[in-house]
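What follows is a short report on a single structure.
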Amino acid sequence: MELDLKLLRHLITKRTDDIERSVAGTGYLARTVIGVGTFLLDNEGDFDLLTAKQKVTFDKFLKPLLEKGR
């Protein structure tokens with residue numbers, strides 16, 4: 001999977017309110033979602049390094065927000 005790291009960085013630093021809205025009422029914490037995004041940034045977007053649980057978090061919250069941001 002190819003990630004737009006610039007868009008991801010913008011999402012987790014400037015659009016945290018979007019992340020908070022997306023996790024509201026789900027039992028997930030915004031900081032967990034931001035942590036997954038930060039991990040991806042720290043590892044140059046290497047999706048294969050994510051655990052299964054992190055991949056679910058990415059697919060459920062970050063991916064839709066990234067697609068919406070394009």
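Ordering of the structure tokens sets the chain letters (A, B, ...); residue numbers start at 1 within each chain; ligands are numbered from 1 in the order shown.
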
Quiz item: Hey, what's within 10 Å of Gln54 of chain A if we count only C-alpha atoms and toss same-chain stuff fewer than 4 positions away? As an NGL selection string, please?
Solution: :A and (32-33 or 35-37 or 39 or 47 or 49-50 or 58-60)

Practice problem: Extract, using only C-alpha atoms, all DNA, RNA and protein residues at most 12 Å from segment 13-23 of chain A, discarding same-chain residues fewer than 6 positions from it, and format them as a PyMOL selection string. | Solution: chain A and resi 6-7+29-38+41+57-58+60-66+68-69

Produce a file of the selected residues containing N, CA, C and O atoms, as a short mmCIF file (atom, residue, chain, number, x, y, z; two decimals), in the first residue's frame.
data_model
loop_
_atom_site.label_atom_id
_atom_site.label_comp_id
_atom_site.auth_asym_id
_atom_site.auth_seq_id
_atom_site.Cartn_x
_atom_site.Cartn_y
_atom_site.Cartn_z
N LYS A 6 2.82 13.05 3.22
CA LYS A 6 2.54 14.47 3.47
C LYS A 6 1.09 14.64 3.94
O LYS A 6 0.81 15.37 4.88
N LEU A 7 0.18 13.97 3.27
CA LEU A 7 -1.24 14.03 3.64
C LEU A 7 -1.47 13.41 5.02
O LEU A 7 -2.22 13.93 5.83
N LEU A 29 -9.77 5.53 21.02
CA LEU A 29 -9.27 6.83 21.44
C LEU A 29 -8.59 7.51 20.25
O LEU A 29 -7.91 6.84 19.47
N ALA A 30 -8.77 8.83 20.17
CA ALA A 30 -8.12 9.58 19.09
C ALA A 30 -6.61 9.41 19.16
O ALA A 30 -5.94 9.28 18.13
N ARG A 31 -6.06 9.36 20.37
CA ARG A 31 -4.60 9.23 20.49
C ARG A 31 -4.10 7.88 19.98
O ARG A 31 -2.97 7.76 19.53
N THR A 32 -4.94 6.87 20.03
CA THR A 32 -4.57 5.57 19.46
C THR A 32 -4.45 5.67 17.95
O THR A 32 -3.49 5.18 17.35
N VAL A 33 -5.42 6.31 17.33
CA VAL A 33 -5.42 6.50 15.88
C VAL A 33 -4.23 7.36 15.47
O VAL A 33 -3.52 7.05 14.50
N ILE A 34 -3.99 8.42 16.21
CA ILE A 34 -2.85 9.30 15.92
C ILE A 34 -1.54 8.54 16.11
O ILE A 34 -0.59 8.70 15.33
N GLY A 35 -1.50 7.66 17.09
CA GLY A 35 -0.31 6.83 17.32
C GLY A 35 -0.01 5.92 16.14
O GLY A 35 1.15 5.75 15.76
N VAL A 36 -1.03 5.34 15.56
CA VAL A 36 -0.84 4.48 14.38
C VAL A 36 -0.31 5.33 13.22
O VAL A 36 0.63 4.93 12.53
N GLY A 37 -0.87 6.53 13.05
CA GLY A 37 -0.39 7.42 12.00
C GLY A 37 1.05 7.84 12.22
O GLY A 37 1.86 7.87 11.28
N THR A 38 1.39 8.14 13.46
CA THR A 38 2.76 8.53 13.80
C THR A 38 3.73 7.38 13.54
O THR A 38 4.82 7.58 13.01
N LEU A 41 4.41 7.21 9.90
CA LEU A 41 5.32 8.29 9.49
C LEU A 41 6.76 7.96 9.89
O LEU A 41 7.69 8.18 9.10
N THR A 57 -7.24 -0.46 12.84
CA THR A 57 -7.39 0.95 13.22
C THR A 57 -7.15 1.85 12.02
O THR A 57 -7.90 2.80 11.78
N PHE A 58 -6.12 1.56 11.26
CA PHE A 58 -5.82 2.36 10.06
C PHE A 58 -6.98 2.29 9.08
O PHE A 58 -7.47 3.32 8.60
N LYS A 60 -10.09 1.50 9.53
CA LYS A 60 -11.36 2.00 10.06
C LYS A 60 -11.39 3.52 10.17
O LYS A 60 -12.44 4.13 9.94
N PHE A 61 -10.26 4.14 10.49
CA PHE A 61 -10.27 5.57 10.76
C PHE A 61 -9.37 6.40 9.84
O PHE A 61 -9.83 7.39 9.28
N LEU A 62 -8.11 6.04 9.71
CA LEU A 62 -7.19 6.87 8.94
C LEU A 62 -7.44 6.79 7.44
O LEU A 62 -7.46 7.82 6.76
N LYS A 63 -7.63 5.60 6.93
CA LYS A 63 -7.81 5.43 5.49
C LYS A 63 -8.98 6.26 4.95
O LYS A 63 -8.81 6.98 3.97
N PRO A 64 -10.18 6.19 5.57
CA PRO A 64 -11.28 7.00 5.06
C PRO A 64 -10.99 8.51 5.11
O PRO A 64 -11.36 9.25 4.20
N LEU A 65 -10.32 8.96 6.17
CA LEU A 65 -10.00 10.37 6.29
C LEU A 65 -8.96 10.79 5.25
O LEU A 65 -9.02 11.90 4.71
N LEU A 66 -8.01 9.90 4.97
CA LEU A 66 -7.00 10.20 3.95
C LEU A 66 -7.64 10.26 2.57
O LEU A 66 -7.31 11.12 1.76
N LYS A 68 -10.72 10.99 1.92
CA LYS A 68 -11.56 12.19 1.89
C LYS A 68 -10.72 13.45 1.69
O LYS A 68 -11.17 14.42 1.08
N GLY A 69 -9.48 13.42 2.18
CA GLY A 69 -8.60 14.57 2.10
C GLY A 69 -7.94 14.78 0.76
O GLY A 69 -7.30 15.78 0.52
#

Quiz item: atom CA of Gly25 of chain A and atom CA of Thr51 of chain A, how far apart in Å?
Solution: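 Between atom CA of Thr51 of chain A and atom CA of Gly25 of chain A the gap is 23.4 Å.
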
Self-check item: Residues of chain A in helix (DSSP H, G or I), written as an NGL selection string
Solution: :A and (5-14 or 16-23 or 30-42 or 47-49 or 52-68)

Self-check item: Å distance separating atom CA of Leu11 of chain A from atom CA of Glu67 of chain A, one decimal place
Solution: 10.9 Å
